[in-house]
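Input: a single structure, listed below in structure tokens.
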Amino acid sequence: MSAIEARRVESLLRELAPQVLGAIVRRFGDFSAAEDVVQEALIAGATQWPAEGLPDNPRGWLIHVAARRMTDTIRSDSARRLREAELARQEWPFSDPASFEADFVDADDTLTLLFMCCHPALTTSSAIALTLRAVGGLTTTEIAHAFLVPEATMAKRIVRAKESIRTSGIPFELPDAAERDARLASVLHVLYLVFNEGYAASGGDALQRTDLSNEAIRLTRAVHALLPDDGEVAGLLALMLLTDARRTARTAVDGTLIPLDAQDRSLWNRETIAEGIALVSAALRRHPVGPYRLQAAIAAVHDEAARAEDTDWPQILALYGVLKSLSDNPMVALNHAIATAMVVGPAAGLALLDALVADGRLAGHHRLDAVRAHLLERAGDRAGAIAHYLAAAGKTASIPERNYLTTQAARLRGD
Amino acid sequence: MKYMLMMHAPKEGWTTAGIGTWPPKDIQAHIQFMMDLNKKLAASGEFVDAQGLAGPEEAKSIRARKDGTPDTDGPFAEAKEFLAGFWIVDVDSPARAYQIAATASDAPGKDGVPLNMPIEVRQVMSAPCQDV
């Protein structure tokens with residue numbers, strides 16, 4: 001099997017993972033054990049398919065293998081499970097996977113699983129890990145590599161995530177209408193964090209971590225396909241695409257960070273931008289608008305400018321104004337201050353920064369200093385700008401960002 | 001977010017009151033405490049790495065000479081404290097890193113009295129960077 005075919009096998013396995021898991025969970029109920037046997041079935045597929053060729057019905061094959069392992073687990077388990085084992089033996093038609101497959105596969109399974117894995121009862125890091133494994137079909141090894149932690153640590157994180165699901169009694173079902181929006185927000189937040197982790201990551205195997213962004217896009221696409229009328233899902237997908245489109249332009253060959261206004265825009269992925277713009281334009285027509293759509297709209301305005309100086313800052317400022325009215329988020333207020341400086345002038349932006357300093361929630365955050373440095377530079381206060389670039393460099397936890405900020409200070413000193 | 005927790009032990013009294021002078025049961029209790037802590041960190045999915053360092057007796061400081069060969073200095077009798085070991089943990093918040101550091105600082109010493117060693121907590125530069 002060629003490398004391309006092997007990749008096709010892998011992406012097929014990843015795509016089928018939540019469907020198979022959904023079928024097994026619905027049939028056997030035990031999410032934790034089901035998740036383990038599906039992972040084993042995926043590994044079996046990854047080993048056997050490249051050697052033996054794709055089965056006629058890959059999904060049925062995986063369900064079959066996972067269900068058999070599940071029954072084995074139940075059977076080998078103590079008397080406590082005897083009744084379920086009996087039930088499983090009677091009702092599971094092992095002879096013909098295709099015949100039962102249709103009964104047990106539900107298009108909403110991916111969504112139901114996402115709601116489970118991203119439940120607010122889980123810590124963020126365990127929700128991320130479990131989502132990537134249970135819904136994304138990644139192995140524990142792959143997830144551990146992507147987050148630069150030992151495999152045993154990641155395995156424990158997944159075990160703990162499953163324990164939280166069990167002890168919190170989170171059911172395998174879609175949340176009811178009353179809970180739905182809040183729960184969907186948790187799902188989107190986890191996907192957004194996965195995207196960010198991969199986007200221009202500062203540590204580890206860059207390729208491996210880029211995959212995290214692609215994975216976040218893939219999963220968000222899946223959610224969008226299931227909830228095509230949800231404006232925030234479309235907004236998040238658009239935001240990811242419009243940001244990801246700039247990926248190759250934002251880092252120089254030597255790994256240095258290139259700011260938005262200095263990027264070679266011919267490197268931006270036009271196709272991805274077009275898709276993102278189409279998505280966000282449609283999503284903005286659905287009311288009321290939400291924060292992901294607005295952030296995507298802002299990204300779209302940047303992406304639409306042929307040159308940095310063509311950027312429609314008044315529009316960006318208006319969008320940040322709406323975003324600010326929706327949520328009391330100091331990061332949004334910070335970006336609003338930048339946009340204000342671009343439209344009205346640096347002094348107006350600096351005045352807004354003073355209010356943010358007084359607010360205190362961004363105290364010690366490097367972005368506050370970085371933005372102040374930038375605005376002071378534009379206002380002609382070279383010494384102040386240098387001091388704040390260096391203050392920001394001392395606070396960031398990102399190496400490319402620190403390098404960028406110290407270089408800015410050096411440039412102003414005339415080094 | 002990842003943090004490095006650096007355990008500093010006082011240099012003064014290292015030879016007269018350091019771990020080498022404790023009764024065996026206290027040494028065992030101390031080692032057991034550290035092993036348990038690592039197990040707990042592994043079980044909580046926060047463990048990245050943990051290492052204990054050999055004593056300061058043989059600690060050297062190296063600089064490159066002009067020709068690139070090592071210029072060796074030390075050990076340093078005058079140092080106030082030395083790095084005894086470190087952990088790298090991957091946690092959800094700085095507060096959690098501080099909590100782990102406090103637990104480590106509480107490690108039992110002679111007669112089971114908590115050592116209260118200072119633990120320096122530093123963030124590992126691994127955050128994804130923002131668009132600038």
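Simple scheme: letters A, B, ... for chains in structure tokens order, numbers from 1 for residues in each chain, numbers from 1 for ligands in the order shown.
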
- Message: DSSP on the backbone, strand (DSSP E or B) only: what residues of chain B does that give? Format it as a PyMOL selection string.
- Response: chain B and resi 2-10+47-52+61-64+70-73+81-90+108+114+119-123

Produce a file of the selected residues containing N, CA and C atoms, as a tab-separated table (two decimals), in the first residue's frame.
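Contents of result-v2.tsv, as written:
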chain	number	residue	atom	x	y	z
B	2	LYS	N	2.88	24.63	31.22
B	2	LYS	CA	3.91	23.86	31.93
B	2	LYS	C	4.72	24.76	32.87
B	3	TYR	N	5.06	24.19	34.01
B	3	TYR	CA	5.87	24.92	34.97
B	3	TYR	C	7.03	24.05	35.42
B	4	MET	N	8.16	24.70	35.66
B	4	MET	CA	9.27	23.99	36.30
B	4	MET	C	9.29	24.41	37.76
B	5	LEU	N	9.32	23.40	38.63
B	5	LEU	CA	9.37	23.64	40.07
B	5	LEU	C	10.77	23.26	40.54
B	6	MET	N	11.52	24.23	40.98
B	6	MET	CA	12.91	23.97	41.36
B	6	MET	C	13.06	24.00	42.86
B	7	MET	N	13.53	22.91	43.38
B	7	MET	CA	13.67	22.76	44.83
B	7	MET	C	15.07	23.17	45.25
B	8	HIS	N	15.15	24.23	46.02
B	8	HIS	CA	16.45	24.72	46.49
B	8	HIS	C	16.68	24.27	47.93
B	9	ALA	N	17.83	23.68	48.16
B	9	ALA	CA	18.16	23.26	49.52
B	9	ALA	C	19.23	24.19	50.07
B	10	PRO	N	19.19	24.48	51.36
B	10	PRO	CA	20.20	25.37	51.94
B	10	PRO	C	21.57	24.70	51.92
B	47	PHE	N	2.09	15.07	35.31
B	47	PHE	CA	3.52	14.81	35.37
B	47	PHE	C	4.17	14.94	33.99
B	48	VAL	N	5.24	15.70	33.91
B	48	VAL	CA	6.02	15.73	32.67
B	48	VAL	C	7.41	15.15	32.94
B	49	ASP	N	8.04	15.63	33.99
B	49	ASP	CA	9.36	15.10	34.34
B	49	ASP	C	9.67	15.45	35.79
B	50	ALA	N	10.54	14.66	36.41
B	50	ALA	CA	11.03	14.97	37.75
B	50	ALA	C	12.38	14.32	37.90
B	51	GLN	N	13.34	15.07	38.41
B	51	GLN	CA	14.69	14.54	38.60
B	51	GLN	C	15.28	15.09	39.88
B	52	GLY	N	15.98	14.22	40.57
B	52	GLY	CA	16.76	14.68	41.71
B	52	GLY	C	18.20	14.83	41.24
B	61	SER	N	31.01	24.68	37.60
B	61	SER	CA	30.51	25.69	36.68
B	61	SER	C	31.49	25.73	35.50
B	62	ILE	N	30.96	25.68	34.32
B	62	ILE	CA	31.80	25.59	33.13
B	62	ILE	C	31.63	26.83	32.26
B	63	ARG	N	32.72	27.39	31.81
B	63	ARG	CA	32.67	28.43	30.78
B	63	ARG	C	33.57	28.00	29.63
B	64	ALA	N	33.24	28.49	28.46
B	64	ALA	CA	34.10	28.18	27.32
B	64	ALA	C	35.30	29.12	27.35
B	70	PRO	N	36.60	23.58	27.77
B	70	PRO	CA	35.91	23.92	29.01
B	70	PRO	C	36.85	24.44	30.10
B	71	ASP	N	36.44	25.57	30.66
B	71	ASP	CA	37.15	26.13	31.80
B	71	ASP	C	36.28	25.80	33.02
B	72	THR	N	36.84	24.97	33.91
B	72	THR	CA	36.04	24.43	35.01
B	72	THR	C	36.28	25.17	36.30
B	73	ASP	N	35.18	25.54	36.95
B	73	ASP	CA	35.28	26.23	38.23
B	73	ASP	C	34.41	25.46	39.24
B	81	GLU	N	22.59	28.41	48.62
B	81	GLU	CA	21.71	27.26	48.42
B	81	GLU	C	22.03	26.62	47.08
B	82	PHE	N	21.51	25.43	46.89
B	82	PHE	CA	21.79	24.75	45.63
B	82	PHE	C	20.52	24.05	45.14
B	83	LEU	N	20.50	23.78	43.85
B	83	LEU	CA	19.34	23.12	43.25
B	83	LEU	C	19.42	21.63	43.60
B	84	ALA	N	18.41	21.14	44.31
B	84	ALA	CA	18.43	19.74	44.74
B	84	ALA	C	17.68	18.84	43.76
B	85	GLY	N	16.72	19.42	43.07
B	85	GLY	CA	15.94	18.63	42.12
B	85	GLY	C	14.87	19.49	41.49
B	86	PHE	N	14.17	18.93	40.52
B	86	PHE	CA	13.12	19.73	39.87
B	86	PHE	C	11.99	18.83	39.37
B	87	TRP	N	10.85	19.45	39.19
B	87	TRP	CA	9.70	18.81	38.54
B	87	TRP	C	9.31	19.68	37.35
B	88	ILE	N	8.79	19.05	36.31
B	88	ILE	CA	8.08	19.80	35.28
B	88	ILE	C	6.65	19.25	35.28
B	89	VAL	N	5.70	20.14	35.47
B	89	VAL	CA	4.30	19.71	35.52
B	89	VAL	C	3.52	20.46	34.45
B	90	ASP	N	2.47	19.83	33.97
B	90	ASP	CA	1.59	20.45	32.97
B	90	ASP	C	0.23	20.63	33.65
B	108	PRO	N	8.92	15.82	54.40
B	108	PRO	CA	9.42	15.63	55.76
B	108	PRO	C	10.95	15.55	55.80
B	114	PRO	N	8.56	19.06	58.70
B	114	PRO	CA	8.54	19.55	57.31
B	114	PRO	C	9.76	20.43	57.02
B	119	ILE	N	10.65	26.55	46.91
B	119	ILE	CA	10.49	25.96	45.58
B	119	ILE	C	10.28	27.11	44.60
B	120	GLU	N	11.20	27.26	43.70
B	120	GLU	CA	11.05	28.32	42.69
B	120	GLU	C	10.14	27.80	41.58
B	121	VAL	N	9.13	28.59	41.22
B	121	VAL	CA	8.17	28.17	40.20
B	121	VAL	C	8.32	29.06	38.97
B	122	ARG	N	8.64	28.45	37.84
B	122	ARG	CA	8.84	29.24	36.60
B	122	ARG	C	8.04	28.60	35.47
B	123	GLN	N	7.40	29.44	34.68
B	123	GLN	CA	6.65	28.90	33.55
B	123	GLN	C	7.61	28.47	32.44

Compute the chain A side of the contact with chain B at 10 Å, counting only C-alpha atoms, and hand it back as a CSV table (one decimal) with N, CA and C atoms, in the first residue's frame.
chain,number,residue,atom,x,y,z
A,123,THR,N,-12.1,19.0,33.4
A,123,THR,CA,-11.1,20.1,33.3
A,123,THR,C,-10.8,20.4,31.8
A,124,THR,N,-10.4,21.5,31.5
A,124,THR,CA,-10.1,21.8,30.1
A,124,THR,C,-9.2,20.9,29.5
A,125,SER,N,-8.1,20.6,30.2
A,125,SER,CA,-7.0,19.8,29.6
A,125,SER,C,-7.5,18.3,29.4
A,126,SER,N,-8.4,17.8,30.3
A,126,SER,CA,-8.9,16.5,30.1
A,126,SER,C,-9.9,16.5,29.0
A,147,PHE,N,1.1,17.5,22.6
A,147,PHE,CA,1.1,18.4,23.8
A,147,PHE,C,2.4,18.3,24.6
A,148,LEU,N,3.4,17.5,24.0
A,148,LEU,CA,4.7,17.4,24.7
A,148,LEU,C,4.7,17.0,26.1
A,149,VAL,N,3.9,16.0,26.4
A,149,VAL,CA,3.9,15.3,27.7
A,149,VAL,C,4.1,13.8,27.5
A,150,PRO,N,4.6,13.1,28.6
A,150,PRO,CA,4.8,11.7,28.4
A,150,PRO,C,3.5,11.0,28.1
A,151,GLU,N,3.6,9.9,27.4
A,151,GLU,CA,2.4,9.2,27.0
A,151,GLU,C,1.6,8.7,28.2
A,152,ALA,N,2.3,8.2,29.3
A,152,ALA,CA,1.6,7.8,30.5
A,152,ALA,C,0.8,8.9,31.1
A,153,THR,N,1.3,10.1,31.1
A,153,THR,CA,0.6,11.3,31.6
A,153,THR,C,-0.7,11.5,30.8
A,154,MET,N,-0.6,11.4,29.5
A,154,MET,CA,-1.8,11.7,28.7
A,154,MET,C,-2.8,10.6,28.9
A,155,ALA,N,-2.3,9.3,29.1
A,155,ALA,CA,-3.2,8.2,29.3
A,155,ALA,C,-4.0,8.4,30.6
A,156,LYS,N,-3.3,8.9,31.6
A,156,LYS,CA,-3.9,9.2,32.9
A,156,LYS,C,-5.0,10.3,32.7
A,157,ARG,N,-4.6,11.3,32.0
A,157,ARG,CA,-5.5,12.4,31.8
A,157,ARG,C,-6.8,11.9,31.1
A,158,ILE,N,-6.7,10.9,30.2
A,158,ILE,CA,-7.9,10.4,29.5
A,158,ILE,C,-8.7,9.5,30.5
A,159,VAL,N,-8.0,8.8,31.3
A,159,VAL,CA,-8.7,7.9,32.3
A,159,VAL,C,-9.5,8.8,33.3
A,160,ARG,N,-8.8,9.9,33.7
A,160,ARG,CA,-9.5,10.8,34.6
A,160,ARG,C,-10.7,11.5,34.0
A,161,ALA,N,-10.5,11.9,32.7
A,161,ALA,CA,-11.7,12.5,32.0
A,161,ALA,C,-12.9,11.5,32.0
A,196,ASN,N,-5.9,26.7,18.6
A,196,ASN,CA,-4.9,27.7,19.0
A,196,ASN,C,-3.6,27.0,19.4
A,197,GLU,N,-3.7,25.8,20.0
A,197,GLU,CA,-2.6,25.0,20.4
A,197,GLU,C,-1.7,24.7,19.2
A,198,GLY,N,-2.4,24.4,18.1
A,198,GLY,CA,-1.6,24.0,17.0
A,198,GLY,C,-1.2,25.1,16.1
A,199,TYR,N,-1.9,26.2,16.2
A,199,TYR,CA,-1.6,27.3,15.3
A,199,TYR,C,-0.4,28.1,15.7
A,200,ALA,N,0.7,28.0,14.9
A,200,ALA,CA,1.9,28.7,15.2
A,200,ALA,C,2.4,28.3,16.6
A,201,ALA,N,2.4,27.0,16.9
A,201,ALA,CA,2.9,26.6,18.2
A,201,ALA,C,4.4,26.9,18.3
A,202,SER,N,4.8,27.1,19.6
A,202,SER,CA,6.2,27.5,19.8
A,202,SER,C,7.1,26.4,20.2
A,203,GLY,N,6.5,25.2,20.5
A,203,GLY,CA,7.4,24.2,20.9
A,203,GLY,C,7.1,22.9,20.2
A,204,GLY,N,8.0,22.0,20.3
A,204,GLY,CA,7.8,20.6,19.8
A,204,GLY,C,7.9,20.5,18.3
A,243,THR,N,-8.0,32.4,9.9
A,243,THR,CA,-6.7,32.5,10.6
A,243,THR,C,-5.7,31.6,10.0
A,250,ARG,N,3.0,33.8,8.5
A,250,ARG,CA,3.2,34.4,9.8
A,250,ARG,C,4.6,34.0,10.4
A,257,LEU,N,8.6,35.4,14.1
A,257,LEU,CA,7.3,35.7,13.9
A,257,LEU,C,7.2,37.0,13.0
A,258,ILE,N,6.2,36.9,12.1
A,258,ILE,CA,6.0,38.1,11.2
A,258,ILE,C,4.7,38.7,11.5
A,259,PRO,N,4.6,40.0,12.0
A,259,PRO,CA,3.3,40.5,12.3
A,259,PRO,C,2.4,40.7,11.1
A,260,LEU,N,1.1,40.8,11.4
A,260,LEU,CA,0.1,40.8,10.3
A,260,LEU,C,0.5,41.9,9.3
A,261,ASP,N,0.9,43.1,9.7
A,261,ASP,CA,1.1,44.2,8.8
A,261,ASP,C,2.3,44.1,7.9
A,262,ALA,N,3.2,43.1,8.3
A,262,ALA,CA,4.4,42.9,7.5
A,262,ALA,C,4.4,41.6,6.7
A,367,ARG,N,0.4,41.0,26.8
A,367,ARG,CA,-0.2,41.7,25.7
A,367,ARG,C,-0.5,43.2,26.0
A,370,ALA,N,2.7,44.8,25.3
A,370,ALA,CA,3.1,44.8,23.9
A,370,ALA,C,2.3,45.8,23.1
A,371,VAL,N,1.0,45.9,23.5
A,371,VAL,CA,0.1,46.8,22.7
A,371,VAL,C,0.5,48.3,23.1
A,395,LYS,N,7.4,38.9,30.0
A,395,LYS,CA,6.2,38.3,30.6
A,395,LYS,C,5.6,37.2,29.7
A,396,THR,N,5.9,37.2,28.4
A,396,THR,CA,5.3,36.2,27.6
A,396,THR,C,5.8,34.8,27.8
A,397,ALA,N,5.0,33.8,27.6
A,397,ALA,CA,5.5,32.4,27.7
A,397,ALA,C,5.6,31.7,26.4
A,398,SER,N,5.7,32.6,25.3
A,398,SER,CA,5.9,32.0,24.0
A,398,SER,C,7.3,32.5,23.5
A,399,ILE,N,8.1,31.6,23.1
A,399,ILE,CA,9.5,31.9,22.6
A,399,ILE,C,9.5,32.8,21.4
A,400,PRO,N,8.7,32.4,20.3
A,400,PRO,CA,8.7,33.3,19.1
A,400,PRO,C,8.3,34.7,19.4
A,401,GLU,N,7.3,34.8,20.4
A,401,GLU,CA,6.8,36.1,20.7
A,401,GLU,C,7.9,36.9,21.5
A,402,ARG,N,8.6,36.2,22.4
A,402,ARG,CA,9.6,36.9,23.1
A,402,ARG,C,10.7,37.4,22.2
A,404,TYR,N,10.3,38.1,19.1
A,404,TYR,CA,9.8,39.3,18.3
A,404,TYR,C,9.8,40.5,19.1
A,405,LEU,N,9.4,40.5,20.4
A,405,LEU,CA,9.3,41.7,21.2
A,405,LEU,C,10.7,42.2,21.5

- Extract the full set of helix (DSSP H, G or I) residues from segment 11-223 of chain A according to DSSP on the backbone, and format it as an MDAnalysis selection string. chainID A and resid 11:28 31:52 58:76 79:91 97:104 109:117 124:135 140:147 151:168 177:198 206:223

- Message: I'd like the neighbourhood of segment 380-385 of chain A as a list in words, where a residue qualifies if any of its atoms comes within 12 Å (using only C-alpha atoms), though same-chain residues fewer than 3 positions away should be ignored.
- Response: Gly345, Pro346, Ala347, Leu350, Asp369, Ala370, Val371, Arg372, Ala373, His374, Leu375, Leu376, Glu377, His388, Tyr389, Leu390, Ala391, Ala392, Leu405, Thr406, Gln408, Ala409, Ala410, Arg411, Leu412, Arg413 and Gly414 of chain A

- Message: I'd like the contact shell of Val190 of chain A - 10 Å cut-off, only C-alpha atoms, skipping same-chain residues fewer than 6 positions apart - returned as number ranges by chain.
- Response: A: 114, 117-119, 124-125, 127-129, 131, 184, 196, 216

- Query: Got a sec: who's within 9 Å of segment 29-34 of chain A, counting only C-alpha atoms, leaving out chain neighbours fewer than 3 positions off, as JSON, numbers by chain?
  - Reply: {"A": [21, 22, 24, 25, 26, 37, 38, 39, 66, 67, 70, 73, 159, 162, 163, 165, 166, 172]}

Let's have the selection written as a PDB file, in the first residue's frame, with N, CA and C atoms.
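So the final result, stored in result11.pdb, reads:
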ATOM      1  N   LEU A  21     -17.756   4.507  17.818  1.00  0.00           N
ATOM      2  CA  LEU A  21     -17.888   4.666  19.269  1.00  0.00           C
ATOM      3  C   LEU A  21     -19.354   4.898  19.653  1.00  0.00           C
ATOM      4  N   GLY A  22     -20.029   5.751  18.877  1.00  0.00           N
ATOM      5  CA  GLY A  22     -21.442   6.017  19.153  1.00  0.00           C
ATOM      6  C   GLY A  22     -22.253   4.726  19.126  1.00  0.00           C
ATOM      7  N   ILE A  24     -21.255   1.658  19.605  1.00  0.00           N
ATOM      8  CA  ILE A  24     -20.901   0.762  20.725  1.00  0.00           C
ATOM      9  C   ILE A  24     -21.466   1.294  22.047  1.00  0.00           C
ATOM     10  N   VAL A  25     -21.351   2.620  22.247  1.00  0.00           N
ATOM     11  CA  VAL A  25     -21.859   3.187  23.502  1.00  0.00           C
ATOM     12  C   VAL A  25     -23.374   2.981  23.581  1.00  0.00           C
ATOM     13  N   ARG A  26     -24.047   3.217  22.465  1.00  0.00           N
ATOM     14  CA  ARG A  26     -25.497   3.091  22.502  1.00  0.00           C
ATOM     15  C   ARG A  26     -25.925   1.639  22.761  1.00  0.00           C
ATOM     16  N   VAL A  37     -12.317  -0.075  23.719  1.00  0.00           N
ATOM     17  CA  VAL A  37     -12.370  -1.116  22.684  1.00  0.00           C
ATOM     18  C   VAL A  37     -12.394  -0.506  21.285  1.00  0.00           C
ATOM     19  N   VAL A  38     -12.989   0.683  21.156  1.00  0.00           N
ATOM     20  CA  VAL A  38     -12.980   1.331  19.837  1.00  0.00           C
ATOM     21  C   VAL A  38     -11.550   1.720  19.462  1.00  0.00           C
ATOM     22  N   GLN A  39     -10.818   2.217  20.458  1.00  0.00           N
ATOM     23  CA  GLN A  39      -9.416   2.559  20.206  1.00  0.00           C
ATOM     24  C   GLN A  39      -8.643   1.308  19.750  1.00  0.00           C
ATOM     25  N   ALA A  66     -14.916  -4.038  17.522  1.00  0.00           N
ATOM     26  CA  ALA A  66     -15.083  -3.375  18.824  1.00  0.00           C
ATOM     27  C   ALA A  66     -16.134  -4.092  19.656  1.00  0.00           C
ATOM     28  N   ALA A  67     -17.238  -4.482  19.020  1.00  0.00           N
ATOM     29  CA  ALA A  67     -18.328  -5.146  19.759  1.00  0.00           C
ATOM     30  C   ALA A  67     -17.852  -6.489  20.297  1.00  0.00           C
ATOM     31  N   MET A  70     -15.741  -5.877  23.191  1.00  0.00           N
ATOM     32  CA  MET A  70     -16.595  -5.418  24.284  1.00  0.00           C
ATOM     33  C   MET A  70     -17.266  -6.617  24.954  1.00  0.00           C
ATOM     34  N   THR A  73     -14.778  -8.475  26.957  1.00  0.00           N
ATOM     35  CA  THR A  73     -14.504  -7.768  28.213  1.00  0.00           C
ATOM     36  C   THR A  73     -15.606  -8.059  29.218  1.00  0.00           C
ATOM     37  N   VAL A 159      -7.978   8.753  31.316  1.00  0.00           N
ATOM     38  CA  VAL A 159      -8.671   7.940  32.321  1.00  0.00           C
ATOM     39  C   VAL A 159      -9.458   8.841  33.265  1.00  0.00           C
ATOM     40  N   LYS A 162     -12.572  10.256  31.734  1.00  0.00           N
ATOM     41  CA  LYS A 162     -13.656   9.269  31.696  1.00  0.00           C
ATOM     42  C   LYS A 162     -14.258   9.069  33.083  1.00  0.00           C
ATOM     43  N   GLU A 163     -13.390   9.130  34.102  1.00  0.00           N
ATOM     44  CA  GLU A 163     -13.904   9.018  35.474  1.00  0.00           C
ATOM     45  C   GLU A 163     -14.846  10.173  35.788  1.00  0.00           C
ATOM     46  N   ILE A 165     -16.667  11.758  33.715  1.00  0.00           N
ATOM     47  CA  ILE A 165     -17.927  11.518  33.011  1.00  0.00           C
ATOM     48  C   ILE A 165     -18.782  10.538  33.809  1.00  0.00           C
ATOM     49  N   ARG A 166     -18.117   9.485  34.318  1.00  0.00           N
ATOM     50  CA  ARG A 166     -18.866   8.475  35.063  1.00  0.00           C
ATOM     51  C   ARG A 166     -19.412   9.058  36.365  1.00  0.00           C
ATOM     52  N   PHE A 172     -25.057   9.642  27.640  1.00  0.00           N
ATOM     53  CA  PHE A 172     -24.776   9.670  26.198  1.00  0.00           C
ATOM     54  C   PHE A 172     -26.051  10.095  25.482  1.00  0.00           C
TER      55      PHE A 172
END

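Minimum distance to Asp111 of chain B across B:Ala95, B:Ile19, B:Ala79, B:Leu37 (counting only C-alpha atoms) occurs at B:Ile19.
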
- Task: Kindly give the distance, in Å, that separates atom CA of Glu52 of chain A and atom CA of Asp211 of chain A, rounded to a single decimal.
- Result: 27.3 Å

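The protein and nucleic acid residues lying at most 12 Å from Leu319 of chain A are A:Leu284, A:Val289, A:Gly290, A:Pro291, A:Tyr292, A:Arg293, A:Leu294, A:Gln295, A:Ala296, A:Ala297, A:Ile298, A:Ala299, A:Ala300, A:Val301, A:Asp312, A:Trp313, A:Pro314, A:Gln315, A:Leu323, A:Lys324, A:Ser325, A:Leu326, A:Val332, A:Ala333, A:Asn335, A:His336, A:Ala339, A:Thr340, with only C-alpha atoms considered and sequence neighbours fewer than 4 positions away removed.
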
Just C-alpha atoms for this one: save the residues we selected as an mmCIF file, in the first residue's frame.
data_model
loop_
_atom_site.group_PDB
_atom_site.id
_atom_site.type_symbol
_atom_site.label_atom_id
_atom_site.label_comp_id
_atom_site.auth_asym_id
_atom_site.auth_seq_id
_atom_site.Cartn_x
_atom_site.Cartn_y
_atom_site.Cartn_z
ATOM 1 C CA LEU A 284 -23.765 37.067 10.087
ATOM 2 C CA VAL A 289 -24.823 37.468 16.229
ATOM 3 C CA GLY A 290 -22.303 35.841 18.594
ATOM 4 C CA PRO A 291 -18.629 36.334 19.407
ATOM 5 C CA TYR A 292 -17.160 33.713 17.031
ATOM 6 C CA ARG A 293 -18.956 35.230 14.050
ATOM 7 C CA LEU A 294 -17.736 38.681 14.993
ATOM 8 C CA GLN A 295 -14.146 37.521 15.426
ATOM 9 C CA ALA A 296 -14.396 35.738 12.079
ATOM 10 C CA ALA A 297 -15.760 38.928 10.519
ATOM 11 C CA ILE A 298 -12.754 40.842 11.876
ATOM 12 C CA ALA A 299 -10.378 38.189 10.512
ATOM 13 C CA ALA A 300 -12.193 38.489 7.176
ATOM 14 C CA VAL A 301 -11.638 42.255 7.036
ATOM 15 C CA ASP A 312 -10.659 48.775 6.706
ATOM 16 C CA TRP A 313 -9.948 49.770 10.321
ATOM 17 C CA PRO A 314 -13.216 51.699 10.832
ATOM 18 C CA GLN A 315 -15.076 48.488 10.083
ATOM 19 C CA LEU A 323 -18.075 42.338 20.361
ATOM 20 C CA LYS A 324 -17.329 44.462 23.426
ATOM 21 C CA SER A 325 -21.021 45.042 24.004
ATOM 22 C CA LEU A 326 -21.625 41.264 23.918
ATOM 23 C CA VAL A 332 -11.662 42.131 23.503
ATOM 24 C CA ALA A 333 -11.289 45.526 25.174
ATOM 25 C CA ASN A 335 -8.161 44.677 20.740
ATOM 26 C CA HIS A 336 -10.784 47.414 20.704
ATOM 27 C CA ALA A 339 -8.554 49.380 16.540
ATOM 28 C CA THR A 340 -9.330 52.747 18.149
#

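A straight line drawn from atom CA of Ala305 of chain A to atom CA of Arg265 of chain A is 8.9 Å long.
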